[in-house]
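Containing compact mmCIF, C-alpha atoms and all ligand atoms: start-v7.txt.
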# COMPACT_ATOMS: atom_id res chain seq x y z
CA MET A 269 0.00 0.00 0.00
CA GLU A 270 1.19 3.46 -0.82
CA ILE A 271 -0.36 6.85 -0.18
CA THR A 272 0.53 9.53 -2.71
CA LEU A 273 -0.34 13.16 -2.23
CA HIS A 274 -0.05 15.64 -5.06
CA PHE A 275 0.85 19.15 -4.07
CA GLN A 276 0.01 21.60 -6.81
CA TYR A 277 1.40 25.06 -6.56
CA THR A 278 1.80 27.71 -9.20
CA PRO A 279 4.36 30.32 -8.15
CA SER A 280 3.40 33.91 -8.72
CA ASN A 281 5.76 36.61 -7.65
CA VAL A 282 7.17 34.81 -4.61
CA ARG A 283 9.95 36.55 -2.78
CA MET A 284 12.78 34.05 -2.70
CA GLN A 285 13.35 33.63 0.98
CA LEU A 286 13.10 30.33 2.82
CA GLY A 287 10.54 31.62 5.32
CA ASP A 288 8.29 32.96 2.56
CA VAL A 289 8.48 29.72 0.62
CA VAL A 290 7.61 27.75 3.74
CA ASP A 291 4.74 30.17 4.45
CA VAL A 292 3.19 29.15 1.14
CA PHE A 293 3.49 25.52 2.20
CA LYS A 294 2.02 26.27 5.62
CA GLU A 295 -1.08 27.79 4.10
CA ASN A 296 -1.70 24.48 2.39
CA ILE A 297 -1.11 22.25 5.42
CA PRO A 298 -4.77 21.91 6.51
CA ARG A 299 -5.78 20.91 2.96
CA LEU A 300 -2.88 18.46 2.71
CA VAL A 301 -3.83 16.94 6.04
CA GLU A 302 -7.41 16.71 4.82
CA ARG A 303 -6.43 14.76 1.75
CA PHE A 304 -4.01 12.57 3.64
CA VAL A 305 -6.61 11.63 6.25
CA SER A 306 -9.21 11.05 3.51
CA GLN A 307 -6.96 8.61 1.72
CA ILE A 308 -5.94 6.79 4.86
CA VAL A 309 -9.50 6.41 6.08
CA SER A 310 -10.62 5.23 2.66
CA ARG A 311 -7.95 2.51 2.61
CA ALA A 312 -8.80 1.53 6.15
CA ALA A 313 -12.47 1.22 5.19
CA ASP A 314 -11.44 -0.98 2.28
CA ALA A 315 -9.50 -3.18 4.63
CA LEU A 316 -12.47 -3.37 6.99
CA VAL A 317 -15.02 -4.22 4.31
CA LYS A 318 -13.02 -6.31 1.91
CA GLY A 319 -10.38 -7.68 4.21
CA ASP A 320 -8.34 -7.65 1.03
CA GLY A 321 -4.84 -7.89 2.37
CA GLU A 322 -4.59 -4.17 3.15
CA GLU A 323 -4.24 -5.12 6.77
CA ARG A 324 -1.44 -2.80 7.64
CA PHE A 325 -3.88 -0.84 9.72
CA ARG A 326 -4.47 -1.73 13.29
CA LEU A 327 -8.21 -1.37 12.87
CA PRO A 328 -10.41 -0.78 15.88
CA ASP A 329 -12.89 -3.51 16.69
CA ILE A 330 -15.87 -2.33 14.65
CA ARG A 331 -19.07 -4.38 14.97
CA CYS A 332 -22.65 -3.93 13.87
CA ARG A 333 -24.57 -2.04 16.53
CA CYS A 334 -27.59 -4.24 15.90
CA CYS A 335 -26.37 -7.80 15.67
CA GLY A 336 -22.68 -7.54 16.46
CA GLY A 337 -21.81 -8.84 12.99
CA GLN A 338 -18.47 -8.02 11.38
CA GLY A 339 -19.34 -8.53 7.72
CA PHE A 340 -19.90 -5.19 5.98
CA ALA A 341 -20.52 -3.75 2.52
CA PHE A 342 -20.21 -0.16 1.32
CA LYS A 343 -23.26 2.05 1.25
CA SER A 344 -21.48 5.17 0.09
CA HIS A 345 -17.80 5.53 -0.45
CA GLY A 346 -15.79 8.23 -2.11
CA SER A 347 -16.20 11.88 -2.91
CA GLY A 348 -19.52 13.59 -3.53
CA GLY A 349 -21.17 11.99 -0.48
CA PRO A 350 -21.70 13.43 2.97
CA MET A 351 -18.65 14.82 4.72
CA LYS A 352 -17.40 14.43 8.28
CA HIS A 353 -16.02 17.51 10.06
CA LEU A 354 -12.95 16.81 12.15
CA THR A 355 -10.49 18.89 14.15
CA THR A 356 -6.74 18.32 13.95
CA VAL A 357 -3.89 20.27 15.51
CA PHE A 358 -3.49 22.01 12.14
CA GLY A 359 -7.09 23.09 11.87
CA ASP A 360 -10.52 21.84 10.89
CA ILE A 361 -10.79 19.41 8.00
CA GLU A 362 -13.59 17.69 6.10
CA VAL A 363 -13.27 14.10 4.99
CA PRO A 364 -15.80 11.80 3.31
CA ASN A 365 -18.16 10.24 5.81
CA ILE A 366 -18.00 6.66 4.59
CA ARG A 367 -21.14 4.64 5.23
CA ILE A 368 -21.36 0.89 5.39
CA TYR A 369 -24.11 -1.60 6.15
CA CYS A 370 -24.17 -4.91 7.93
CA LYS A 371 -24.40 -7.86 5.58
CA ALA A 372 -26.24 -9.89 8.21
CA CYS A 373 -28.97 -7.49 9.30
CA GLY A 374 -28.72 -4.54 6.96
CA ALA A 375 -28.15 -1.93 9.69
CA ARG A 376 -26.24 1.11 8.43
CA MET A 377 -23.44 2.94 10.10
CA CYS A 378 -21.02 5.79 9.45
CA VAL A 379 -17.56 4.41 9.76
CA THR A 380 -15.20 7.39 9.30
CA ALA A 381 -15.32 8.47 12.93
CA PRO A 382 -15.02 4.96 14.43
CA LEU A 383 -12.10 4.18 12.11
CA LEU A 384 -10.29 7.28 13.37
CA ASP A 385 -11.16 6.56 16.99
CA VAL A 386 -13.29 9.69 17.19
CA ALA A 387 -16.21 9.35 19.59
CA PRO A 388 -19.77 9.96 18.30
CA LYS A 389 -20.55 13.69 18.36
CA ALA A 390 -16.86 14.53 18.92
CA ARG A 391 -14.68 16.13 16.29
CA ALA A 392 -11.33 14.90 17.47
CA ASP A 393 -9.82 11.80 18.99
CA GLU A 394 -8.67 11.82 22.58
CA ASN A 395 -5.02 12.50 21.89
CA THR A 396 -5.78 15.52 19.71
CA ARG A 397 -8.23 16.88 22.27
CA ASN A 398 -5.65 16.54 25.00
CA GLN A 399 -2.93 18.17 22.93
CA LEU A 400 -5.14 21.16 22.15
CA ALA A 401 -6.08 21.39 25.82
CA LEU A 402 -2.45 21.30 26.87
CA ALA A 403 -1.48 23.97 24.33
CA GLY A 404 -4.08 26.27 25.92
CA ALA A 405 -2.90 25.41 29.42
CA LEU A 406 0.75 26.17 28.76
CA THR A 407 0.36 29.80 27.78
CA SER A 408 -2.38 32.36 27.16
CA PHE A 409 -5.00 31.39 24.58
CA ARG A 410 -3.97 34.32 22.42
CA SER A 411 -0.31 33.25 22.48
CA THR A 412 -1.33 29.68 21.77
CA GLN A 413 -3.14 30.83 18.65
CA THR A 414 -0.15 32.89 17.52
CA ILE A 415 2.40 30.15 18.13
CA GLY A 416 0.09 27.62 16.45
CA GLY A 417 -0.07 29.91 13.43
CA ILE A 418 3.69 30.09 13.20
CA PHE A 419 3.76 26.31 12.95
CA GLY A 420 1.03 26.13 10.33
CA SER A 421 -2.12 25.71 12.43
CA ASN A 422 -5.16 27.88 11.69
CA LEU A 423 -7.00 27.13 14.94
CA ASP A 424 -8.21 30.16 16.85
CA LYS A 425 -7.92 30.88 20.55
CA THR A 426 -11.46 29.90 21.42
CA THR A 427 -10.79 26.39 20.15
CA PHE A 428 -7.89 26.02 22.58
CA TRP A 429 -10.03 27.48 25.35
CA ARG A 430 -12.87 25.08 24.63
CA TYR A 431 -10.72 21.96 24.55
CA ALA A 432 -8.85 23.02 27.69
CA GLN A 433 -12.10 23.52 29.59
CA LYS A 434 -13.52 20.25 28.42
CA ALA A 435 -10.42 18.21 29.13
CA GLY A 436 -10.04 19.86 32.54
CA GLU A 437 -13.52 18.79 33.53
CA GLY A 438 -12.52 15.18 32.96
CA VAL A 439 -9.45 15.33 35.21
CA SER A 440 -9.49 14.69 38.94
CA PHE A 441 -6.72 14.29 41.45
CA GLN A 442 -6.44 12.19 44.55
CA VAL A 443 -3.88 10.73 46.89
CA ASP A 444 -2.30 7.56 45.51
CA PRO A 445 -2.18 4.87 48.21
CA ASP A 446 0.87 3.32 46.52
CA GLU A 447 2.95 6.48 46.78
CA PRO A 448 4.64 7.72 49.99
CA PRO A 449 2.27 9.13 52.66
CA VAL A 450 4.04 12.49 52.58
CA LEU A 451 1.91 15.49 51.68
CA GLU A 452 2.05 19.26 51.49
CA ALA A 453 -0.95 21.57 51.24
CA ASP A 454 -1.16 25.26 50.51
CA GLY A 455 -3.24 27.88 48.77
CA THR A 456 -2.53 30.70 46.35
CA GLY A 457 -4.62 33.68 45.27
CA ILE A 458 -5.96 33.64 41.74
CA PRO A 459 -7.74 36.43 39.83
CA THR A 460 -11.39 35.43 39.41
CA HIS A 461 -14.49 37.36 38.43
CA GLY A 462 -16.92 38.42 41.14
CA ASP A 463 -14.48 37.82 44.00
CA GLY A 464 -13.26 41.38 44.55
CA LYS A 465 -9.70 42.55 44.42
CA ARG A 466 -8.23 39.53 46.18
CA GLY A 467 -9.87 37.04 43.83
CA SER A 468 -10.30 33.53 45.14
CA GLU A 469 -7.93 30.85 46.32
CA LEU A 470 -6.65 27.78 44.55
CA LYS A 471 -5.75 25.11 47.07
CA VAL A 472 -3.24 22.47 46.11
CA LEU A 473 -2.35 19.16 47.74
CA VAL A 474 0.85 17.49 46.61
CA GLN A 475 2.18 14.04 47.40
CA LYS A 476 5.80 13.02 47.33
CA CYS A 477 6.60 10.42 44.65
CA SER A 478 8.50 7.20 45.01
CA ASP A 479 11.79 7.15 43.09
CA THR A 480 10.30 4.89 40.40
CA THR A 481 7.35 7.20 39.79
CA ALA A 482 9.59 10.26 39.84
CA GLU A 483 11.76 8.74 37.15
CA ALA A 484 8.77 7.92 34.96
CA SER A 485 6.98 11.26 35.34
CA GLY A 486 10.05 13.46 35.63
CA SER A 487 8.72 15.01 38.83
CA GLN A 488 9.53 14.49 42.52
CA CYS A 489 5.93 15.12 43.49
CA ARG A 490 2.47 14.57 42.11
CA VAL A 491 -0.62 16.69 42.48
CA ALA A 492 -3.07 14.83 44.74
CA GLY A 493 -5.79 17.45 45.10
CA LEU A 494 -6.95 20.71 43.59
CA ALA A 495 -9.82 22.98 44.64
CA VAL A 496 -10.85 26.56 44.06
CA GLY A 497 -12.95 28.69 46.38
CA SER A 498 -12.78 31.47 48.93
CA TYR A 499 -9.74 31.98 51.14
CA ILE A 500 -11.47 30.71 54.26
CA GLY A 501 -12.31 27.02 54.50
CA GLY A 502 -12.89 24.74 51.55
CA TRP A 503 -10.20 22.27 52.56
CA ASP A 504 -12.81 19.51 52.58
CA ARG A 505 -13.06 19.85 48.80
CA LEU A 506 -9.29 19.49 48.52
CA PHE A 507 -9.09 16.37 50.66
CA GLY A 508 -12.53 14.95 49.86
CA PRO A 509 -11.61 12.64 46.97
CA SER A 510 -8.65 11.28 48.97
CA LEU A 511 -10.22 10.66 52.37
CA GLU A 512 -10.68 6.95 51.77
CA ALA A 513 -7.08 6.44 50.68
CA LEU A 514 -5.81 8.63 53.54
CA ALA A 515 -7.81 6.78 56.19
CA LYS A 516 -6.14 3.53 55.15
CA MET A 517 -2.63 4.90 55.53
CA GLU A 518 -0.90 4.04 58.78
CA VAL A 519 0.36 7.56 59.27
CA VAL A 520 0.23 10.60 57.01
CA HIS A 521 2.75 13.43 57.12
CA LEU A 522 1.34 16.75 56.11
CA ALA A 523 3.27 20.00 55.84
CA ILE A 524 1.25 23.21 55.91
CA ASP A 525 2.14 26.83 56.33
CA GLY A 526 -0.14 27.59 59.19
CA GLU A 527 -3.88 27.46 58.68
CA ALA A 528 -5.40 25.23 61.39
CA ASP A 529 -8.52 24.95 59.23
CA VAL A 530 -6.65 22.52 57.01
CA LEU A 531 -7.11 19.69 59.47
CA LYS A 532 -10.88 19.86 59.85
CA PRO A 533 -11.69 17.30 57.13
CA LEU A 534 -9.04 14.86 58.40
CA ASP A 535 -10.79 13.54 61.50
CA ASN A 536 -10.43 9.90 60.52
CA VAL A 537 -6.85 10.20 59.34
CA ASN A 538 -3.80 9.56 61.48
CA VAL A 539 -2.11 12.75 60.37
CA LYS A 540 1.10 14.22 61.69
CA VAL A 541 1.34 17.87 60.86
CA GLN A 542 4.48 19.85 60.30
CA ARG A 543 4.30 23.60 60.22
CA CYS A 544 6.44 24.97 57.45
CA LEU A 545 9.56 25.99 59.33
CA TRP A 546 10.45 28.54 56.72
CA HIS A 547 7.22 30.45 57.30
CA ILE A 548 7.46 30.57 61.10
CA PRO A 549 9.93 33.48 61.43
CA HIS A 550 8.07 35.39 58.71
CA GLN A 551 4.73 34.98 60.41
CA ALA A 552 6.29 35.82 63.79
CA LYS A 553 7.62 39.08 62.37
CA TYR A 554 4.04 39.96 61.50
CA THR A 555 2.70 39.15 64.99
CA LEU A 556 5.56 41.13 66.53
CA TRP A 557 4.50 44.07 64.40
CA GLU A 558 0.92 43.57 65.63
CA ASP A 559 2.29 43.57 69.18
CA LYS A 560 4.02 46.89 68.37
CA ALA A 561 7.37 45.46 69.44
CA ASP A 562 10.33 47.75 68.84
CA LYS A 563 12.30 46.26 65.99
CA ASP A 564 15.62 47.52 67.37
CA GLY A 565 14.81 46.63 70.96
CA PRO A 566 16.36 43.75 72.93
CA GLU A 567 12.95 42.01 73.39
CA TYR A 568 12.35 41.79 69.66
CA ARG A 569 15.84 40.41 69.12
CA HIS A 570 15.49 37.91 71.92
CA VAL A 571 12.25 36.54 70.48
CA MET A 572 13.49 36.38 66.89
CA ALA A 573 16.75 34.72 67.92
CA GLY A 574 14.75 32.12 69.85
CA ILE A 575 12.48 31.47 66.90
CA TYR A 576 15.34 31.04 64.43
CA GLU A 577 16.92 28.65 66.91
CA ALA A 578 13.66 26.68 67.17
CA VAL A 579 13.29 26.22 63.44
CA SER A 580 16.88 25.16 62.76
CA THR A 581 16.37 21.48 63.32
CA ALA A 582 19.11 19.23 62.05
CA TYR A 583 18.27 15.64 61.16
CA VAL A 584 19.61 13.31 63.82
CA ASP A 585 19.85 9.56 63.38
CA ASP A 586 20.30 8.62 67.05
CA GLY A 587 16.83 8.05 68.55
CA ASP A 588 17.75 8.92 72.16
CA LEU A 589 19.50 12.06 71.06
CA ARG A 590 16.47 12.99 68.96
CA LEU A 591 14.18 12.60 71.96
CA LEU A 592 16.45 14.75 74.09
CA LEU A 593 16.59 17.36 71.37
CA ALA A 594 12.81 17.38 71.10
CA ILE A 595 12.40 17.84 74.85
CA THR A 596 14.94 20.65 74.91
CA ARG A 597 13.28 22.35 71.96
CA LYS A 598 9.91 22.14 73.62
CA GLN A 599 11.24 23.74 76.80
CA GLU A 600 12.89 26.49 74.79
CA VAL A 601 9.70 27.29 72.88
CA GLN A 602 7.69 27.29 76.09
CA ALA A 603 10.21 29.64 77.68
CA LEU A 604 9.86 31.86 74.64
CA ILE A 605 6.07 31.89 74.98
CA GLY A 606 6.44 32.86 78.66
CA TYR A 607 8.84 35.62 77.66
CA CYS A 608 6.36 37.02 75.13
CA ASP A 609 3.57 36.93 77.72
CA GLY A 610 5.75 38.73 80.23
CA HIS A 611 6.95 41.40 77.80
CA GLY A 612 3.70 42.65 76.28
CA MET A 613 3.70 40.52 73.12
CA PRO A 614 0.39 38.62 73.41
CA LYS A 615 -0.14 38.06 69.67
CA THR A 616 3.27 36.48 69.28
CA ALA A 617 2.72 34.37 72.39
CA ALA A 618 -0.60 33.15 71.01
CA TYR A 619 0.95 32.41 67.66
CA LEU A 620 3.74 30.32 69.17
CA ARG A 621 1.37 28.55 71.53
CA ASN A 622 -0.75 27.58 68.55
CA ALA A 623 2.21 26.47 66.44
CA GLN A 624 4.36 24.71 69.06
CA HIS A 625 3.06 21.19 68.60
CA ASP A 626 3.30 21.14 64.80
CA LEU A 627 6.61 22.93 64.99
CA LEU A 628 8.35 20.00 66.62
CA MET A 629 6.89 17.15 64.65
CA CYS A 630 9.87 16.73 62.38
CA VAL A 631 12.23 16.48 65.33
CA TYR A 632 10.17 13.72 66.92
CA ASP A 633 9.44 11.92 63.76
CA ARG A 634 12.26 12.68 61.34
CA MET A 635 9.65 13.83 58.92
CA ALA A 636 10.52 13.98 55.26
CA GLY A 637 9.60 17.60 54.65
CA ARG A 638 10.19 20.44 57.08
CA THR A 639 8.81 23.11 54.80
CA THR A 640 6.12 23.55 52.19
CA SER A 641 8.74 24.17 49.53
CA ILE A 642 7.47 21.53 47.09
CA VAL A 643 3.92 22.83 46.98
CA GLU A 644 5.26 26.37 46.68
CA ARG A 645 7.14 25.36 43.56
CA VAL A 646 3.85 23.99 42.23
CA MET A 647 2.22 27.33 43.03
CA ARG A 648 4.68 29.11 40.79
CA THR A 649 3.56 26.82 37.96
CA VAL A 650 -0.03 27.84 38.73
CA ASN A 651 0.66 31.56 38.93
CA MET A 652 2.66 31.78 35.73
CA ARG A 653 -0.45 30.80 33.79
CA VAL A 654 -3.35 31.99 35.85
CA ASN A 655 -2.09 35.53 36.36
CA VAL A 656 -2.57 36.13 32.65
CA GLY A 657 -6.12 37.44 32.44
CA LYS A 658 -9.11 36.96 34.68
CA TRP A 659 -11.05 33.75 35.14
CA SER A 660 -14.22 32.15 36.24
CA ARG A 661 -13.52 29.88 39.20
CA LYS A 662 -14.31 26.85 37.09
CA GLY A 663 -12.18 28.07 34.20
CA ALA A 664 -9.19 28.62 36.46
CA LEU A 665 -9.62 25.20 38.02
CA ASN A 666 -9.87 23.41 34.67
CA ILE A 667 -6.84 25.07 33.14
CA ASN A 668 -4.74 24.21 36.18
CA LYS A 669 -5.86 20.60 36.17
CA ILE A 670 -4.36 20.24 32.70
CA ARG A 671 -1.31 22.32 33.45
CA LEU A 672 -0.41 20.62 36.72
CA GLY A 673 -1.34 17.23 35.30
CA PHE A 674 1.25 17.79 32.60
CA TYR A 675 4.04 19.12 34.79
CA TYR A 676 3.59 16.77 37.73
CA ASN A 677 1.36 13.78 36.98
CA GLY A 678 2.62 12.48 33.66
CA PHE A 679 -0.32 13.79 31.58
CA LEU A 680 0.76 13.65 27.88
CA ASN A 681 4.19 12.77 29.16
CA TYR A 682 5.50 11.92 25.70
CA LEU A 683 5.31 15.63 24.85
CA ARG A 684 7.72 16.58 27.60
CA VAL A 685 11.14 17.68 26.46
CA SER A 686 13.55 17.86 29.34
ZN ZN B 1 -26.02 -6.33 11.88
Transcribe the structure of this file into structure tokens.
Ligand SMILES: [Zn+2]
Amino acid sequence: MEITLHFQYTPSNVRMQLGDVVDVFKENIPRLVERFVSQIVSRAADALVKGDGEERFRLPDIRCRCCGGQGFAFKSHGSGGPMKHLTTVFGDIEVPNIRIYCKACGARMCVTAPLLDVAPKARADENTRNQLALAGALTSFRSTQTIGGIFGSNLDKTTFWRYAQKAGEGVSFQVDPDEPPVLEADGTGIPTHGDGKRGSELKVLVQKCSDTTAEASGSQCRVAGLAVGSYIGGWDRLFGPSLEALAKMEVVHLAIDGEADVLKPLDNVNVKVQRCLWHIPHQAKYTLWEDKADKDGPEYRHVMAGIYEAVSTAYVDDGDLRLLLAITRKQEVQALIGYCDGHGMPKTAAYLRNAQHDLLMCVYDRMAGRTTSIVERVMRTVNMRVNVGKWSRKGALNINKIRLGFYYNGFLNYLRVS
């Protein structure tokens, strides 16, 4: 079998420059693709109907809807008949909608879409839909259209938007029980309509990957939850799909950067929480400001020095030493709380009192992550896309499902160039 495409082009006043010559070719790409697909699908239909040795196609399993029979004859085949509209990465094309009928029962069916693995009512196969969705998730829809045009595609930005939304709706994340029980959760502001100047919050849950998974996906972590909503609450939506898997884990390590709310949905989970140690001094600076502590005064320095000391926890292998260290740390933090109480710094005292338990978890437990640095890296991936333009909450969620799925969960992994 051989497919031959004739490319007819009559030059008229073409400036002789490689780019200009290629531009002429690019303009013809959608039509070339159209003819190529038409020929391929026609040959595949021949192979299906005649079984005449053209079996170089890995044909899908096409059976009569009525009787399940696999003997077919052509009803209409070739040009002049009805056409099927399809979408490719180069643009929309029209190919003959080949119709066949069942030799056993006479039922008719259109076979172009099934032969190309395009679902009924869809215009593109799954891989094309996902690629278009990804293109829209990687950069702004306008840029996607422009870059597509440079490479010969005539799709417009709304097409990328539509496929991204649709594909996003079909993606969900949850904790994988076969990956390590090490999680980080955090939220980031995103610009959404109707949510005032601050917009709304995208909450992200990430799970550390085993070495094998990391090698396959190219990422040290995977996204295990994604939710969009207001700044306060909403953690139940983030953890909801994973609660069953989490409840079965012996112990779950979760790093957060401070919001106690996070834990509300995790009643039935044996969760050990680690406050992000990087955030502690930053948040303490804020409470000290609220307490109107003098930045150059000895009290301020005493408290900050104590806090930096408390968050510099080295990993220690020796179990007894670790226990001793934990006890010492606890006494130091409690002394610091007493100091704040006694020196007119109630906000800072309250902050430390609230954080003290989660602060020490990594010392007790040699926890994998002492900060929320992994999820914060993920947040940068979110912000680089979502801060272009303004979104509906659903739109922002969908685009990030695709985007994060690609960067962290192996979605369309074969497109990754690293
Ligand atoms: Zn039949």
Measure the distance from CA of Cys335 in chain A to CA of Arg367 in chain A in Å and round it to one decimal. 17.1 Å
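Between CA of Ser487 in chain A and CA of Thr460 in chain A lies a distance of 28.7 Å.
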Report as a PyMOL selection string all protein, DNA and RNA residues lying within 8 Å of Ser485 in chain A, evaluated on all atoms listed in the file, omitting residues in the same chain fewer than 4 positions from it. chain A and resi 481+676-678+681
Contact table chain A vs ligand ZN 1 (chain B), cut-off 10 Å, shortest pair per residue, only C-alpha atoms and all ligand atoms, as JSON lines:
{"residue": "A:Arg331", "atom": "CA", "partner": "B:ZN1", "partner_atom": "ZN", "distance": 7.9}
{"residue": "A:Cys332", "atom": "CA", "partner": "B:ZN1", "partner_atom": "ZN", "distance": 4.6}
{"residue": "A:Arg333", "atom": "CA", "partner": "B:ZN1", "partner_atom": "ZN", "distance": 6.5}
{"residue": "A:Cys334", "atom": "CA", "partner": "B:ZN1", "partner_atom": "ZN", "distance": 4.8}
{"residue": "A:Cys335", "atom": "CA", "partner": "B:ZN1", "partner_atom": "ZN", "distance": 4.1}
{"residue": "A:Gly336", "atom": "CA", "partner": "B:ZN1", "partner_atom": "ZN", "distance": 5.8}
{"residue": "A:Gly337", "atom": "CA", "partner": "B:ZN1", "partner_atom": "ZN", "distance": 5.0}
{"residue": "A:Gln338", "atom": "CA", "partner": "B:ZN1", "partner_atom": "ZN", "distance": 7.8}
{"residue": "A:Gly339", "atom": "CA", "partner": "B:ZN1", "partner_atom": "ZN", "distance": 8.2}
{"residue": "A:Phe340", "atom": "CA", "partner": "B:ZN1", "partner_atom": "ZN", "distance": 8.6}
{"residue": "A:Tyr369", "atom": "CA", "partner": "B:ZN1", "partner_atom": "ZN", "distance": 7.7}
{"residue": "A:Cys370", "atom": "CA", "partner": "B:ZN1", "partner_atom": "ZN", "distance": 4.6}
{"residue": "A:Lys371", "atom": "CA", "partner": "B:ZN1", "partner_atom": "ZN", "distance": 6.7}
{"residue": "A:Ala372", "atom": "CA", "partner": "B:ZN1", "partner_atom": "ZN", "distance": 5.1}
{"residue": "A:Cys373", "atom": "CA", "partner": "B:ZN1", "partner_atom": "ZN", "distance": 4.1}
{"residue": "A:Gly374", "atom": "CA", "partner": "B:ZN1", "partner_atom": "ZN", "distance": 5.9}
{"residue": "A:Ala375", "atom": "CA", "partner": "B:ZN1", "partner_atom": "ZN", "distance": 5.4}
{"residue": "A:Arg376", "atom": "CA", "partner": "B:ZN1", "partner_atom": "ZN", "distance": 8.2}
{"residue": "A:Met377", "atom": "CA", "partner": "B:ZN1", "partner_atom": "ZN", "distance": 9.8}
For Ile368 in chain A, the closest of A:Gln599, A:Ser478, A:Thr380, A:Thr412 counting all atoms listed in the file is A:Thr380
Would you mind telling me which residue in A:Gly436, A:Gly349, A:Pro549, A:Gly502 lies nearest to Leu531 in chain A when using only C-alpha atoms? A:Gly502
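Nearest to Gly455 in chain A of all the residues A:Leu628, A:Ala403, A:Ala495, A:Ile415 is A:Ala495, based on only C-alpha atoms.
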Quick one, how far is CA of Ala523 in chain A from CA of Met647 in chain A? 14.8 Å
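Within the 12 Å cut-off around Thr649 in chain A, using only C-alpha atoms and omitting residues fewer than 4 positions from it on the same chain, the listed residues are Ala405, Leu406, Thr407, Thr456, Val472, Val491, Ile642, Val643, Glu644, Arg645, Arg653, Val654, Asn655, Ile667, Asn668, Lys669, Ile670, Arg671, Leu672, Gly673, Phe674, Tyr675 and Tyr676 of chain A.
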Local residues around (-8.1, 6.6, 63.8), at most 12 Å away, using only C-alpha atoms, as a VMD selection string: chain A and resid 514 to 520 534 to 539
Measuring atom to atom with all atoms listed in the file, identify which of A:Gln602, A:Gln475, A:Asn666, A:Thr355 is nearest to Val646 in chain A. A:Gln475
Find the residues around Pro614 in chain A up to 9 Å (all atoms listed in the file counted), leave out those fewer than 5 positions away in its own chain, and share them as a ChimeraX atom specification. /A:555-556,559,605,608-609,619
Restricted to C-alpha atoms, what would the selected residues look like written as a PDB file, keeping the file's coordinate frame?
ATOM      1  CA  THR A 555       2.700  39.150  64.990  1.00  0.00           C
ATOM      2  CA  LEU A 556       5.560  41.130  66.530  1.00  0.00           C
ATOM      3  CA  ASP A 559       2.290  43.570  69.180  1.00  0.00           C
ATOM      4  CA  ILE A 605       6.070  31.890  74.980  1.00  0.00           C
ATOM      5  CA  CYS A 608       6.360  37.020  75.130  1.00  0.00           C
ATOM      6  CA  ASP A 609       3.570  36.930  77.720  1.00  0.00           C
ATOM      7  CA  TYR A 619       0.950  32.410  67.660  1.00  0.00           C
TER       8      TYR A 619
END
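Ranking A:Leu665, A:Ala392, A:Ala573, A:Leu683 by their shortest atom-to-atom distance to Ala552 in chain A, with all atoms listed in the file included, puts A:Ala573 first.
Using all atoms listed in the file, the shortest contact distance between Ile297 in chain A and any of A:Phe409, A:Phe325, A:Phe419, A:Tyr499 is found at A:Phe419.
Around Thr272 in chain A, within 10 Å and counting only C-alpha atoms, the residues found are A:Arg303, A:Phe304, A:Gln307, once anything fewer than 6 positions away on its own chain is removed.
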Counting only C-alpha atoms, which residues have an atom no more than 12 Å from (-13.0, 20.7, 51.4) in the file's coordinates? Please list them as a PyMOL selection string. chain A and resi 470-473+493-511+529-534
